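Listing of model.txt, compact mmCIF, C-alpha atoms
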```txt
# COMPACT_ATOMS: atom_id res chain seq x y z
CA MET T 61 -8.45 16.77 0.88
CA ASN T 62 -6.21 13.93 1.99
CA SER T 63 -7.18 14.58 5.61
CA LEU T 64 -10.91 14.04 4.92
CA THR T 65 -12.55 10.77 5.83
CA ARG T 66 -14.28 8.68 3.17
CA GLU T 67 -17.70 9.76 4.50
CA GLN T 68 -16.67 13.44 4.40
CA ARG T 69 -15.41 13.11 0.79
CA GLU T 70 -18.74 11.55 -0.23
CA THR T 71 -20.65 14.36 1.53
CA LEU T 72 -18.46 16.94 -0.23
CA SER T 73 -19.16 15.27 -3.60
CA GLN T 74 -22.93 15.27 -2.99
CA TYR T 75 -22.85 18.92 -1.88
CA GLN T 76 -20.99 19.97 -5.03
CA THR T 77 -23.37 17.96 -7.22
CA ILE T 78 -26.38 19.66 -5.66
CA THR T 79 -25.05 23.22 -5.37
CA LYS T 80 -22.49 23.36 -8.24
CA THR T 81 -20.00 25.15 -6.00
CA LYS T 82 -16.21 25.01 -6.02
CA VAL T 83 -14.27 22.83 -3.60
CA ASP T 84 -13.08 25.64 -1.31
CA GLU T 85 -16.58 27.14 -0.97
CA ALA T 86 -18.13 23.72 -0.49
CA LEU T 87 -15.63 22.80 2.23
CA SER T 88 -16.20 26.11 3.98
CA GLN T 89 -20.00 25.61 4.09
CA LEU T 90 -19.81 21.96 5.20
CA ILE T 91 -17.30 22.74 7.96
CA LYS T 92 -19.48 25.67 9.05
CA TYR T 93 -22.49 23.33 9.42
CA ASN T 94 -20.46 20.47 10.93
CA TRP T 95 -20.78 18.35 7.77
CA ASP T 96 -24.58 18.38 7.93
CA LEU T 97 -25.42 18.11 4.21
CA GLN T 98 -29.07 19.15 4.52
CA ARG T 99 -28.35 22.26 6.60
CA ALA T 100 -25.46 23.32 4.35
CA THR T 101 -27.51 22.96 1.14
CA ASP T 102 -30.51 24.68 2.73
CA HIS T 103 -28.35 27.65 3.67
CA THR T 104 -26.83 27.86 0.18
CA PHE T 105 -30.19 27.81 -1.58
CA GLU T 106 -31.85 30.14 0.90
CA THR T 107 -29.04 32.63 0.27
CA SER T 108 -29.42 32.22 -3.52
CA ARG T 109 -33.17 32.65 -3.34
CA SER T 110 -32.83 35.82 -1.27
CA SER T 111 -30.35 37.31 -3.75
CA GLN T 112 -32.64 36.46 -6.69
CA ARG T 113 -35.75 37.58 -4.82
CA VAL T 114 -37.53 34.32 -5.53
CA PRO T 115 -40.20 33.75 -2.85
CA ALA T 116 -40.85 30.29 -1.52
CA VAL T 117 -44.53 29.57 -2.21
CA ARG T 118 -46.26 27.26 0.21
CA PRO T 119 -48.65 24.72 -1.36
CA GLU T 120 -52.31 25.68 -1.18
CA SER T 121 -53.25 22.35 0.33
CA ARG T 122 -50.79 22.65 3.23
CA PRO T 123 -52.68 22.05 6.50
CA PHE T 124 -52.35 24.35 9.48
CA ARG T 125 -49.62 23.21 11.88
CA PHE T 126 -49.53 24.01 15.58
CA SER T 127 -45.73 23.95 15.36
CA SER T 128 -45.87 27.10 13.18
CA ILE T 129 -47.12 29.09 16.19
CA LEU T 130 -44.52 27.45 18.42
CA PHE T 131 -41.60 28.23 16.12
CA TRP T 132 -42.78 31.55 14.71
CA PRO T 133 -40.61 33.73 17.02
CA PHE T 134 -37.43 32.00 15.95
CA GLY T 135 -37.22 33.60 12.48
CA LEU T 136 -34.30 32.01 10.62
CA ALA T 137 -34.57 28.75 12.57
CA TRP T 138 -38.14 28.42 11.26
CA ASN T 139 -36.98 28.93 7.66
CA ILE T 140 -34.45 26.12 7.99
CA THR T 141 -37.00 23.85 9.65
CA TRP T 142 -39.51 24.70 6.90
CA SER T 143 -36.94 23.70 4.27
CA LEU T 144 -36.36 20.38 6.00
CA VAL T 145 -40.03 19.43 6.25
CA SER T 146 -41.40 21.03 3.07
CA PHE T 147 -41.00 17.93 0.93
CA ALA T 148 -42.70 15.74 3.51
CA SER T 149 -45.63 18.23 3.62
CA TYR T 150 -46.05 18.34 -0.11
CA ASP T 151 -46.46 14.94 -1.71
CA PHE T 152 -45.75 15.40 -5.40
CA LYS T 153 -47.10 11.97 -6.28
CA GLN T 154 -50.34 12.55 -4.42
CA VAL T 155 -50.98 15.89 -6.11
CA PHE T 156 -50.04 14.44 -9.52
CA GLU T 157 -52.49 11.53 -9.13
CA SER T 158 -55.28 13.90 -8.01
CA ARG T 159 -54.89 15.73 -11.34
CA TYR T 160 -53.80 13.13 -13.87
CA GLY T 161 -54.70 9.71 -12.45
CA SER T 162 -52.80 6.84 -10.88
CA SER T 163 -51.20 5.52 -14.08
CA HIS T 164 -47.83 7.26 -14.44
CA VAL T 165 -44.10 6.70 -14.21
CA ASP T 166 -42.91 5.44 -10.81
CA PHE T 167 -42.12 8.47 -8.67
CA PHE T 168 -39.67 7.94 -5.79
CA GLN T 169 -41.35 9.22 -2.63
CA ALA T 170 -38.56 10.79 -0.61
CA GLY T 171 -36.27 13.80 -0.72
CA TYR T 172 -33.92 14.65 -3.58
CA ASN T 173 -30.83 13.82 -1.51
CA GLN T 174 -32.27 10.42 -0.63
CA ALA T 175 -32.97 9.79 -4.32
CA LEU T 176 -29.37 10.69 -5.20
CA GLU T 177 -28.03 8.43 -2.46
CA LYS T 178 -30.27 5.52 -3.46
CA ALA T 179 -29.33 5.81 -7.14
CA LYS T 180 -25.65 5.99 -6.23
CA ASN T 181 -25.75 3.02 -3.84
CA GLU T 182 -27.70 0.89 -6.33
CA SER T 183 -25.74 2.10 -9.41
CA ARG T 184 -28.97 3.26 -11.10
CA LEU T 185 -29.76 6.19 -13.32
CA LEU T 186 -31.81 8.97 -11.71
CA LEU T 187 -34.35 10.89 -13.82
CA VAL T 188 -35.27 14.20 -12.20
CA ILE T 189 -38.52 15.75 -13.49
CA LEU T 190 -39.35 19.33 -12.56
CA GLN T 191 -42.56 21.13 -13.48
CA SER T 192 -43.86 24.63 -13.07
CA ASP T 193 -47.54 25.53 -12.92
CA ASP T 194 -46.69 28.83 -14.61
CA HIS T 195 -45.80 27.10 -17.91
CA ASP T 196 -48.56 26.17 -20.37
CA GLN T 197 -46.98 22.89 -21.47
CA THR T 198 -46.80 21.48 -17.95
CA GLN T 199 -50.30 19.97 -17.99
CA LEU T 200 -49.82 18.46 -21.45
CA PHE T 201 -46.46 16.97 -20.42
CA CYS T 202 -47.93 15.49 -17.24
CA ARG T 203 -51.16 14.26 -18.83
CA GLU T 204 -49.71 12.69 -22.01
CA THR T 205 -45.97 12.06 -21.48
CA LEU T 206 -45.62 11.01 -17.85
CA THR T 207 -48.73 8.81 -18.02
CA SER T 208 -47.76 7.12 -21.29
CA LYS T 209 -47.47 3.34 -21.10
CA CYS T 210 -44.59 3.59 -23.53
CA LEU T 211 -42.51 5.71 -21.12
CA ILE T 212 -43.72 3.82 -18.03
CA ASP T 213 -42.61 0.46 -19.47
CA TYR T 214 -39.31 1.88 -20.72
CA THR T 215 -38.27 3.44 -17.39
CA ARG T 216 -39.18 0.20 -15.59
CA GLU T 217 -37.25 -1.87 -18.12
CA LYS T 218 -34.15 0.31 -17.66
CA ASN T 219 -34.67 0.37 -13.87
CA ILE T 220 -34.54 4.17 -13.84
CA LEU T 221 -35.21 5.86 -10.50
CA ILE T 222 -37.56 8.84 -10.99
CA TRP T 223 -37.86 11.85 -8.71
CA GLY T 224 -40.42 14.56 -9.42
CA GLY T 225 -41.09 17.98 -8.00
CA ASN T 226 -42.92 21.26 -8.50
CA VAL T 227 -40.62 24.31 -8.42
CA LYS T 228 -43.05 26.25 -6.27
CA GLU T 229 -41.86 23.94 -3.48
CA SER T 230 -38.70 24.88 -1.59
CA GLU T 231 -36.76 21.69 -2.25
CA SER T 232 -37.72 21.48 -5.92
CA HIS T 233 -36.77 25.11 -6.41
CA LYS T 234 -33.34 24.38 -4.95
CA VAL T 235 -32.96 21.38 -7.24
CA SER T 236 -33.90 23.48 -10.28
CA PHE T 237 -31.26 26.00 -9.27
CA SER T 238 -28.57 23.33 -8.86
CA LEU T 239 -29.47 21.65 -12.15
CA LYS T 240 -29.62 25.05 -13.92
CA ALA T 241 -33.14 24.56 -15.25
CA THR T 242 -34.32 27.42 -17.50
CA ARG T 243 -37.33 25.95 -19.36
CA TYR T 244 -40.15 23.77 -18.10
CA PRO T 245 -41.04 20.97 -18.08
CA PHE T 246 -37.44 20.12 -17.23
CA SER T 247 -35.83 16.69 -16.99
CA ALA T 248 -32.26 15.72 -16.09
CA LEU T 249 -30.71 12.27 -16.31
CA ILE T 250 -28.12 11.77 -13.56
CA GLY T 251 -25.67 8.88 -13.35
CA LEU T 252 -22.60 7.71 -11.50
CA LYS T 253 -19.35 8.84 -13.10
CA ASP T 254 -15.96 8.63 -11.43
CA ARG T 255 -17.73 7.74 -8.16
CA LYS T 256 -19.81 10.96 -8.32
CA MET T 257 -23.42 11.53 -9.34
CA THR T 258 -23.20 13.69 -12.46
CA VAL T 259 -25.78 15.19 -14.84
CA ILE T 260 -25.55 13.21 -18.08
CA GLU T 261 -28.32 14.88 -20.12
CA ARG T 262 -30.84 17.72 -19.78
CA LEU T 263 -34.22 17.77 -21.53
CA GLU T 264 -35.94 21.17 -21.49
CA GLY T 265 -39.39 22.01 -22.71
CA TYR T 266 -42.21 19.71 -23.76
CA GLN T 267 -41.23 16.18 -24.84
CA SER T 268 -43.69 13.56 -26.07
CA ALA T 269 -43.35 10.10 -24.57
CA GLU T 270 -41.79 8.77 -27.79
CA GLU T 271 -39.36 11.70 -28.04
CA MET T 272 -38.37 11.40 -24.42
CA LYS T 273 -37.92 7.63 -24.70
CA ALA T 274 -35.79 8.02 -27.84
CA LYS T 275 -33.56 10.68 -26.27
CA LEU T 276 -33.18 8.76 -23.04
CA ASP T 277 -32.41 5.58 -24.96
CA SER T 278 -29.78 7.35 -27.06
CA VAL T 279 -28.10 8.76 -23.98
CA ILE T 280 -28.26 5.46 -22.11
CA GLN T 281 -26.69 3.65 -25.07
CA LYS T 282 -23.86 6.16 -25.13
CA VAL T 283 -23.45 5.80 -21.38
CA GLY T 284 -23.49 2.05 -21.81
CA GLU T 285 -20.82 2.24 -24.51
CA MET T 286 -18.77 4.55 -22.32
CA THR T 287 -19.24 2.14 -19.44
CA ILE T 288 -18.25 -0.80 -21.62
CA ASN T 289 -15.21 1.09 -22.90
CA THR T 290 -14.38 2.09 -19.35
CA GLU T 291 -14.73 -1.50 -18.20
CA ARG T 292 -12.58 -2.64 -21.11
CA GLU T 293 -10.00 -0.03 -20.21
CA LYS T 294 -10.13 -1.17 -16.60
CA GLU T 295 -9.71 -4.77 -17.72
CA ARG T 296 -6.81 -3.78 -19.98
CA ARG T 297 -5.14 -1.88 -17.17
CA LEU T 298 -5.81 -4.76 -14.80
CA ARG T 299 -4.20 -7.18 -17.25
CA GLU T 300 -1.24 -4.83 -17.64
CA GLU T 301 -0.92 -4.53 -13.87
CA GLN T 302 -1.19 -8.30 -13.52
CA ASP T 303 1.41 -8.81 -16.27
CA MET T 304 3.69 -6.26 -14.64
CA ALA T 305 3.18 -7.90 -11.25
CA TYR T 306 3.90 -11.32 -12.81
CA LEU T 307 7.05 -10.04 -14.53
CA LYS T 308 8.14 -8.32 -11.33
CA SER T 309 7.53 -11.52 -9.38
CA LEU T 310 9.31 -13.54 -12.09
CA ARG T 311 12.31 -11.19 -12.04
CA ALA T 312 12.35 -11.35 -8.24
CA ASP T 313 12.27 -15.16 -8.38
CA GLN T 314 15.00 -15.18 -11.02
CA GLU T 315 17.11 -12.77 -8.97
CA LYS T 316 16.53 -14.89 -5.88
CA THR T 317 17.52 -18.03 -7.80
CA ARG T 318 20.58 -16.24 -9.18
CA LYS T 319 21.64 -15.13 -5.70
CA ILE T 320 21.10 -18.61 -4.27
CA LYS T 321 23.11 -20.10 -7.13
CA LYS T 322 25.86 -17.51 -6.69
CA GLU T 323 25.96 -18.07 -2.92
CA ARG T 324 26.08 -21.83 -3.47
CA GLU T 325 28.89 -21.46 -6.01
CA GLU T 326 30.79 -19.13 -3.68
CA GLU T 327 30.31 -21.54 -0.79
CA GLU T 328 31.51 -24.43 -2.95
CA LYS T 329 34.50 -22.33 -3.99
CA ARG T 330 35.29 -21.49 -0.37
CA GLU T 331 34.95 -25.17 0.54
CA ARG T 332 37.35 -26.16 -2.24
CA GLU T 333 39.77 -23.46 -1.11
CA ARG T 334 39.50 -24.69 2.49
CA GLU T 335 40.13 -28.25 1.35
CA GLU T 336 43.07 -27.15 -0.80
CA GLU T 337 44.40 -25.06 2.07
CA GLU T 338 44.06 -27.98 4.47
CA GLU T 339 45.78 -30.30 2.01
CA LYS T 340 48.66 -27.82 1.57
CA ARG T 341 48.87 -27.47 5.36
CA GLU T 342 49.14 -31.23 5.83
CA ARG T 343 51.77 -31.43 3.10
CA TYR T 344 53.71 -28.55 4.68
CA VAL T 345 53.61 -30.11 8.17
CA LEU T 346 54.78 -33.38 6.61
CA TYR T 347 57.53 -31.40 4.86
CA LEU T 348 58.61 -29.92 8.23
CA PHE T 349 58.53 -33.40 9.73
CA SER T 350 60.73 -34.73 6.94
CA GLN T 351 63.26 -31.86 7.31
CA PHE T 352 63.27 -31.55 11.12
CA PRO T 353 66.61 -32.59 12.71
CA LYS T 354 66.88 -35.28 15.34
CA GLU T 355 67.17 -34.32 18.99
CA PRO T 356 70.80 -33.30 19.76
CA LYS T 357 72.68 -35.28 22.43
CA GLU T 358 75.90 -33.24 22.83
CA GLY T 359 77.22 -29.70 22.53
CA LYS T 360 75.78 -26.57 24.04
CA LEU T 361 72.15 -27.46 24.75
CA THR T 362 69.05 -26.11 26.44
CA ARG T 363 66.53 -28.48 27.90
CA LEU T 364 62.94 -27.32 27.52
CA ASN T 365 59.88 -28.72 29.28
CA PHE T 366 56.62 -28.29 27.28
CA ARG T 367 53.06 -28.45 28.62
CA LEU T 368 50.53 -28.99 25.82
CA PRO T 369 46.93 -27.67 25.77
CA ASN T 370 45.62 -31.17 26.64
CA GLY T 371 47.83 -31.26 29.76
CA GLU T 372 50.40 -33.61 28.29
CA ARG T 373 54.03 -32.86 29.14
CA MET T 374 57.23 -33.58 27.18
CA VAL T 375 60.90 -32.65 27.31
CA ARG T 376 63.32 -32.03 24.45
CA SER T 377 66.81 -30.59 24.01
CA PHE T 378 67.73 -27.91 21.50
CA ASN T 379 71.21 -26.72 20.44
CA GLU T 380 72.54 -23.19 20.44
CA ASP T 381 71.81 -22.69 16.72
CA ASP T 382 68.08 -23.45 17.00
CA ASN T 383 65.76 -20.46 16.89
CA LEU T 384 62.26 -19.53 18.05
CA ASP T 385 60.75 -20.82 14.79
CA THR T 386 62.38 -24.22 15.57
CA LEU T 387 60.25 -24.40 18.74
CA TYR T 388 57.07 -23.75 16.74
CA GLN T 389 58.04 -26.31 14.10
CA PHE T 390 58.64 -28.89 16.81
CA ILE T 391 55.24 -28.36 18.41
CA GLU T 392 53.58 -28.47 14.95
CA ILE T 393 55.14 -31.86 14.04
CA TYR T 394 54.91 -33.36 17.53
CA PRO T 395 51.77 -35.43 16.73
CA LEU T 396 53.71 -37.07 13.86
CA LEU T 397 56.74 -37.69 16.06
CA LYS T 398 54.55 -39.20 18.73
CA SER T 399 52.80 -41.53 16.23
CA ASN T 400 56.10 -42.61 14.65
CA CYS T 401 54.86 -41.45 11.24
CA HIS T 402 56.73 -42.96 8.31
CA LYS T 403 55.39 -40.61 5.63
CA MET T 404 57.79 -38.20 4.08
CA ASN T 405 57.53 -35.12 1.88
CA ASP T 406 60.64 -33.39 0.64
CA ILE T 407 58.76 -30.84 -1.52
CA LYS T 408 57.51 -27.64 0.03
CA PRO T 409 53.98 -26.69 -1.23
CA LYS T 410 53.92 -23.70 -3.58
CA ASP T 411 51.88 -20.56 -2.89
CA TYR T 412 51.40 -21.49 0.72
CA ILE T 413 52.02 -19.36 3.82
CA HIS T 414 51.88 -21.39 7.00
CA LYS T 415 50.11 -20.03 10.07
CA TYR T 416 50.56 -21.53 13.50
CA THR T 417 47.39 -22.00 15.51
CA PHE T 418 49.02 -21.87 18.93
CA LYS T 419 51.25 -19.66 21.06
CA ILE T 420 54.29 -20.43 23.25
CA HIS T 421 54.98 -18.62 26.52
CA ASN T 422 56.67 -18.99 29.93
CA SER T 423 54.55 -20.01 32.86
CA TYR T 424 55.97 -17.35 35.18
CA PRO T 425 56.81 -14.60 34.57
CA ARG T 426 54.69 -14.77 31.46
CA ILE T 427 56.74 -14.03 28.36
CA GLN T 428 55.23 -14.86 24.97
CA TYR T 429 57.53 -15.91 22.15
CA GLU T 430 56.64 -15.39 18.50
CA PRO T 431 58.01 -17.58 15.70
CA ASN T 432 61.21 -15.95 14.45
CA LYS T 433 64.07 -17.55 12.48
CA ASP T 434 66.50 -14.73 13.34
CA ILE T 435 66.40 -15.05 17.13
CA LYS T 436 68.46 -17.94 18.46
CA LEU T 437 67.48 -19.70 21.67
CA SER T 438 70.95 -19.21 23.14
CA THR T 439 70.43 -15.44 23.11
CA ILE T 440 67.30 -15.62 25.28
CA PRO T 441 68.20 -15.92 28.98
CA SER T 442 64.76 -17.11 29.96
CA LEU T 443 65.13 -20.11 27.62
CA TRP T 444 68.73 -21.01 28.35
CA PRO T 445 69.94 -23.47 29.65
CA SER T 446 66.43 -24.71 30.62
CA ALA T 447 62.87 -23.55 30.87
CA THR T 448 59.27 -24.62 31.22
CA LEU T 449 57.01 -23.52 28.34
CA VAL T 450 53.24 -23.53 28.02
CA ILE T 451 51.43 -24.14 24.71
CA ASP T 452 48.03 -22.44 24.28
CA ASP T 453 45.71 -22.80 21.33
CA GLU T 454 44.62 -19.54 19.77
```

Give the structure from the file, written as structure tokens.
Amino acid sequence: MNSLTREQRETLSQYQTITKTKVDEALSQLIKYNWDLQRATDHTFETSRSSQRVPAVRPESRPFRFSSILFWPFGLAWNITWSLVSFASYDFKQVFESRYGSSHVDFFQAGYNQALEKAKNESRLLLVILQSDDHDQTQLFCRETLTSKCLIDYTREKNILIWGGNVKESESHKVSFSLKATRYPFSALIGLKDRKMTVIERLEGYQSAEEMKAKLDSVIQKVGEMTINTEREKERRLREEQDMAYLKSLRADQEKTRKIKKEREEEEKREREREEEEEKRERYVLYLFSQFPKEPKEGKLTRLNFRLPNGERMVRSFNEDDNLDTLYQFIEIYPLLKSNCHKMNDIKPKDYIHKYTFKIHNSYPRIQYEPNKDIKLSTIPSLWPSATLVIDDE
């Protein structure tokens, strides 16, 4: 069913309404006839008529057609064609007026399927009236009920679409079969329910105009109440859906606001931590500056030439007890030495682990030295008694 197009689902619904068949059988017939509704329904009713041995009686007033001679050899094809054109040949309204006059309820002059489609598209009720010449009450029903001003005015007031037929005609006989008519005159009120045209009420046997009006009115009121209740239920569900959508949107907005607030708070926290870290770093560098010994002038010394990342060069001597970490400390405090800083800090910051942001290595051959307090400079041949070192930012 999910693979059907919208047009095919509507055709399937109409076919089931007309033929009262199950979904599988309906699909099989429609697929067989390439979704041609008229051909599929004609085949179904022709098969039913054959099994019930109900002959299709042609109207006495039907004129001779040359096409009958032309199509006579084609057998079954003629029967299908006859079914398609039978309603056009037999004008129910014309025959009715010839017998009972021109004052009557407003008959829709087209096929039953067209009446169903029109009622569905315009959201109108469809009143199907079927008569049989074999029933004694037919003439009384037509002469007194269907010509009554009371019923004429009522059906116009309620905007009811009316389709009439005589069961001796092929199409009307098919309609009587689909609507399960057993007594005549027969009337069926059809309306749109769950997007499908459905029989709402059946009226079988003779009905006076007043009786028919009262029954129709009762049914229409119930349908109206059902429609109102359905509309109210739809409105209630719509309000619930709108409320749920609003709450969902509100929760989403609240969650978004919460995340933004949390991200802002986390960013502010990280910024404070960065500021605190930077402050501790500055205090630690100042602490190194305050504790760093002056350049030695005598004893066992190594003279090191440094090239800074900005290209600046400087030379300093270190004694045999200085270590690799001493070199890193010197480079770290060099900006303060160069600026003749007078600030001092004798207290080492708590909970702080210093990280150097540069590396020291030989120019050639390249040997990188890591900060280490346990390795003395005097034990490294490449740094003693002199060397040229390069400082690179990480």

- prompt: Can you find the residues with an atom no farther than 9 Å from (61.5, -16.3, 18.2), counting all atoms listed in the file, and report them as a ChimeraX atom specification?
  reply: /T:383-388,429-437

- prompt: Counting only C-alpha atoms, what is within 9 Å of region 246-257 of chain T, bar same-chain residues fewer than 3 positions away, as a ChimeraX atom specification?
  reply: /T:70,73-74,77,176-177,179-180,183-192,236,239,241-243,260-266,276,279,283

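With CA of Gly171 (chain T) on one side and CA of Ser63 (chain T) on the other, the separation reads 29.8 Å.
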
Distance in Å - CA of Ile413 (chain T) versus CA of Glu336 (chain T):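 For CA of Ile413 (chain T) relative to CA of Glu336 (chain T), the distance reads 12.7 Å.
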
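Distance-wise, CA of Leu64 (chain T) and CA of Asp96 (chain T) end up 14.7 Å apart.
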
field: Among listed residues T:Gln267, T:Ser163, T:Gln302, T:Ser88, nearest Ser208 (chain T) (using only C-alpha atoms)
entry: T:Ser163

Residue nearest Gly224 (chain T) - candidates T:Leu200, T:Leu211, T:Phe167, T:Val345, atoms counted: only C-alpha atoms: T:Phe167
